[in-house]
Amino acid sequence: MSELDRRYLQELIIAELGVSPSFDAELEIERRISFLADQLSLTGATTYVLGISGGVDSSTAGRLCQLAVERVRAGGGNATFVAMRLPYGVQHDEDDAQRALEFIRPDEVLTVDIKSATDAMVESVKHSDLGDRADFHTGNIKARQRMIAQYVVAGARGGLVVGTDHAAEAVVGFYTKYGDGACDLTPLAGLTKRRVRAIGSQLGASDQITGKVPTADLESDKPGLPDEQALGVRYDEIDDFLEGKPVSDEAAETIIGHHRRTIHKRAMPIAP
Ligand SMILES: Nc1ncnc2c1ncn2[C@@H]1O[C@H](COP(=O)(O)OP(=O)(O)OC[C@H]2O[C@@H]([n+]3cccc(C(=O)O)c3)[C@H](O)[C@@H]2O)[C@@H](O)[C@H]1O
Ligand SMILES: Nc1ncnc2c1ncn2[C@@H]1O[C@H](COP(=O)(O)OP(=O)(O)OP(=O)(O)O)[C@@H](O)[C@H]1O
Ligand SMILES: [Mg+2]
C-alpha cells in the first residue's frame, strides 16, 4: 500500500470512529456525564449496569456512570448504578477489581460467578469439534456469559447495559462479538486508550488503576495475557494512528489488517 493510500485510510478510520483532533479531559468528563444523565431521561431507564473487571476502561466508565446517576438524583430523578463483578471462579487479580470498586463507589455491587454457566456450556458443546483453540473459544463464552448476566439485571431493573468500547479497541475489533461488544450505550466512544487513562486519572483513579496492563483475561491457559501481546501492536501506536500521528509501517499494517478483518463487528448483520 502506498504512503498516500495508507494516510487516506487512516483519515477514514479516524472519521469512522469519531476520534477528535483535540482533547481536554475536563470537557470530555462533563460531556460524557451529561450524555449518560440525558440518556436516562430520554430512554426512561432508571438503572445503569456495567461489569467491573479492575481494568482502566471499566473503572473509568463505571465512575462516569456513578457520577451521572448522582447528578440525576440531585435533580430529583430516579437513577441507580449497579456495578457487577463477574469473575470466572476466583479472579487472580481480584485486588485490582476491589480497588476499582473503591474508586467508583457504586450504589450497588452485584457479584455473579460465571464459571458454572461457562463450564456447563463448554460441557454441552464438547461433542462438537472446537479444534485446537478450545481455550480461546471458551474465552468468548466467558465474555458472552458476562453479557447475559448484565442483560438479565438490566431487564429486571429497567436498566441499560453500559459498554466500555472505545476507539482503540474498536479499530482493531478487539472484543467478543455480542459478548463484551454487546451493550446499549458506549460512554467511552471515540477515545483512544491514553485518553481513557487521562479521564480516569482526572476523575481521581490511582496510578495502579490507570497504569494497569490492559488484558482481556479470557484464556485460562494464558492468565492476564496482555492485549498488546495478543494484538501484536502497542496501544501507544494504535493511539498515535487514531490521533492522526505518524506510526511505523509495521504498526500501520497491523492496525489496518485488524481493522479489515473485523469490519463485520462494527456493522449490522449481513442481509440480502
Ligand atoms: N466476515 C464476516 N462477516 C460476518 N461475520 C463474521 C465474519 N467473520 C467472522 N464472523 C463472525 O464473527 C465471529 C468471530 O468474532 P468473535 O466471536 O468476536 O471472536 P474472535 O474475534 O475470534 O475473538 C475475539 C477476540 O477479541 C478479544 N477480546 C474478547 C473480549 C474482550 C476483550 C478485551 O479486550 O477485554 C478482547 C479476544 O481475546 C479475541 O482475540 C465468527 O465466529 C463469526 O460468527
Ligand atoms: N472479570 C470481570 N468482571 C466484570 N466485568 C468484566 C470482567 N472482565 C471483563 N469485564 C467486562 O468486559 C469489558 C471488556 O474488558 P476489557 O478488558 O476490554 O476492559 P477493562 O478490563 O475494563 O480494561 P482493560 O482493557 O484495560 O483491561 C470490561 O470493561 C468489563 O465491563
Ligand atoms: Mg481487561
# chains A, B, ... in the order shown; residues from 1 in each chain; ligands from 1
call {"tool": "residues_near_ligand", "arguments": {"ligand": "ligand 2", "cutoff": "9 Å", "atoms": "only C-alpha atoms and all ligand atoms", "output": "JSON, numbers by chain"}}
result
{"A": [50, 51, 52, 53, 54, 55, 56, 57, 58, 59, 60, 61, 62, 83, 84, 85, 86, 87, 88, 91, 93, 94, 97, 111, 112, 113, 142, 143, 146, 147, 162, 163, 164, 165, 166, 169, 174, 175, 176, 179, 180, 181, 193, 197, 209, 210, 211, 212, 213, 214, 215, 216, 217, 218, 224, 226, 227]}
call {"tool": "select_by_dssp", "arguments": {"residues": "region 37-230 of chain A", "states": "helix (DSSP H, G or I)", "output": "JSON, numbers by chain"}}
result
{"A": [37, 38, 39, 40, 41, 42, 43, 56, 57, 58, 59, 60, 61, 62, 63, 64, 65, 66, 67, 68, 69, 70, 71, 72, 73, 74, 94, 95, 96, 97, 98, 99, 100, 101, 102, 103, 104, 115, 116, 117, 118, 119, 120, 121, 122, 123, 124, 125, 134, 135, 136, 137, 138, 139, 140, 141, 142, 143, 144, 145, 146, 147, 148, 149, 150, 151, 152, 153, 154, 155, 156, 157, 167, 168, 169, 170, 193, 194, 195, 196, 197, 198, 199, 200, 201, 202, 207, 208, 209, 210, 227, 228, 229, 230]}
call {"tool": "residues_around", "arguments": {"residues": "region 3-11 of chain A", "least_positions_apart": "5", "cutoff": "12 Å", "atoms": "only C-alpha atoms", "output": "list of chain:residue names"}}
result
A:Glu16, A:Leu17, A:Gly18, A:Val19, A:Ser20, A:Pro21, A:Val171, A:Ile238, A:Asp239, A:Asp240, A:Phe241, A:Leu242, A:Glu243, A:Gly244, A:Lys245, A:Pro246, A:Val247, A:Ser248, A:Asp249, A:Glu250, A:Ala251, A:Ala252, A:Glu253, A:Thr254, A:Ile255, A:Ile256, A:Gly257, A:His259, A:Arg260
call {"tool": "residues_around", "arguments": {"residues": "Gln145 (chain A)", "least_positions_apart": "3", "cutoff": "8 Å", "atoms": "only C-alpha atoms", "output": "VMD selection string"}}
result
chain A and resid 114 117 to 118 141 to 142 148 to 149 179
call {"tool": "residues_around", "arguments": {"residues": "region 151-157 of chain A", "least_positions_apart": "5", "cutoff": "8 Å", "atoms": "only C-alpha atoms", "output": "list in words"}}
result
Thr46, Thr47, Tyr48 and Val49 of chain A
call {"tool": "write_last_selection", "arguments": {"atoms": "N, CA and C atoms", "output": "short mmCIF file (atom, residue, chain, number, x, y, z; two decimals), in the first residue's frame"}}
result
data_model
loop_
_atom_site.label_atom_id
_atom_site.label_comp_id
_atom_site.auth_asym_id
_atom_site.auth_seq_id
_atom_site.Cartn_x
_atom_site.Cartn_y
_atom_site.Cartn_z
N THR A 46 -33.91 3.61 34.41
CA THR A 46 -33.58 4.14 35.73
C THR A 46 -32.29 3.55 36.29
N THR A 47 -31.68 2.65 35.54
CA THR A 47 -30.51 1.95 36.07
C THR A 47 -29.44 1.79 34.99
N TYR A 48 -28.20 1.95 35.39
CA TYR A 48 -27.09 1.55 34.52
C TYR A 48 -26.43 0.32 35.12
N VAL A 49 -26.06 -0.61 34.25
CA VAL A 49 -25.43 -1.86 34.66
C VAL A 49 -24.10 -1.98 33.91
#
call {"tool": "select_by_dssp", "arguments": {"residues": "region 82-163 of chain A", "states": "strand (DSSP E or B)", "output": "MDAnalysis selection string"}}
result
chainID A and resid 82:85 108:111 159:162
call {"tool": "write_last_selection", "arguments": {"atoms": "N, CA and C atoms", "output": "PDB file, in the first residue's frame"}}
result
ATOM      1  N   VAL A  82     -25.563  -0.028  39.031  1.00  0.00           N
ATOM      2  CA  VAL A  82     -25.226  -1.359  39.533  1.00  0.00           C
ATOM      3  C   VAL A  82     -23.911  -1.810  38.901  1.00  0.00           C
ATOM      4  N   ALA A  83     -22.889  -1.923  39.724  1.00  0.00           N
ATOM      5  CA  ALA A  83     -21.583  -2.420  39.267  1.00  0.00           C
ATOM      6  C   ALA A  83     -21.583  -3.927  39.451  1.00  0.00           C
ATOM      7  N   MET A  84     -21.266  -4.650  38.385  1.00  0.00           N
ATOM      8  CA  MET A  84     -21.287  -6.111  38.505  1.00  0.00           C
ATOM      9  C   MET A  84     -19.886  -6.699  38.491  1.00  0.00           C
ATOM     10  N   ARG A  85     -19.605  -7.476  39.508  1.00  0.00           N
ATOM     11  CA  ARG A  85     -18.378  -8.274  39.487  1.00  0.00           C
ATOM     12  C   ARG A  85     -18.747  -9.593  38.830  1.00  0.00           C
ATOM     13  N   GLU A 108     -24.492   0.119  44.087  1.00  0.00           N
ATOM     14  CA  GLU A 108     -24.715  -1.287  44.402  1.00  0.00           C
ATOM     15  C   GLU A 108     -23.666  -2.142  43.699  1.00  0.00           C
ATOM     16  N   VAL A 109     -23.201  -3.159  44.389  1.00  0.00           N
ATOM     17  CA  VAL A 109     -22.282  -4.128  43.760  1.00  0.00           C
ATOM     18  C   VAL A 109     -22.992  -5.484  43.752  1.00  0.00           C
ATOM     19  N   LEU A 110     -23.011  -6.095  42.593  1.00  0.00           N
ATOM     20  CA  LEU A 110     -23.673  -7.392  42.444  1.00  0.00           C
ATOM     21  C   LEU A 110     -22.621  -8.351  41.882  1.00  0.00           C
ATOM     22  N   THR A 111     -22.421  -9.472  42.558  1.00  0.00           N
ATOM     23  CA  THR A 111     -21.418 -10.430  42.077  1.00  0.00           C
ATOM     24  C   THR A 111     -22.083 -11.678  41.517  1.00  0.00           C
ATOM     25  N   GLY A 159     -33.160  -1.217  33.291  1.00  0.00           N
ATOM     26  CA  GLY A 159     -31.817  -0.660  33.125  1.00  0.00           C
ATOM     27  C   GLY A 159     -31.264  -0.763  31.718  1.00  0.00           C
ATOM     28  N   LEU A 160     -30.121  -0.168  31.541  1.00  0.00           N
ATOM     29  CA  LEU A 160     -29.375  -0.234  30.286  1.00  0.00           C
ATOM     30  C   LEU A 160     -27.987  -0.788  30.587  1.00  0.00           C
ATOM     31  N   VAL A 161     -27.478  -1.589  29.650  1.00  0.00           N
ATOM     32  CA  VAL A 161     -26.134  -2.154  29.800  1.00  0.00           C
ATOM     33  C   VAL A 161     -25.121  -1.198  29.173  1.00  0.00           C
ATOM     34  N   VAL A 162     -24.134  -0.853  29.959  1.00  0.00           N
ATOM     35  CA  VAL A 162     -23.090   0.070  29.505  1.00  0.00           C
ATOM     36  C   VAL A 162     -21.925  -0.734  28.936  1.00  0.00           C
TER      37      VAL A 162
END
call {"tool": "closest_residue", "arguments": {"among": "A:Ser206, A:Gly139, A:Leu188, A:Pro272", "to": "ligand 1", "atoms": "only C-alpha atoms and all ligand atoms"}}
result
A:Gly139
call {"tool": "residues_around", "arguments": {"residues": "region 35-43 of chain A", "least_positions_apart": "4", "cutoff": "7 Å", "atoms": "only C-alpha atoms", "output": "PyMOL selection string"}}
result
chain A and resi 31+65+68-69+72
call {"tool": "closest_residue", "arguments": {"among": "A:Leu225, A:Ile263, A:Ile104, A:Met268", "to": "ligand 3", "atoms": "only C-alpha atoms and all ligand atoms"}}
result
A:Leu225
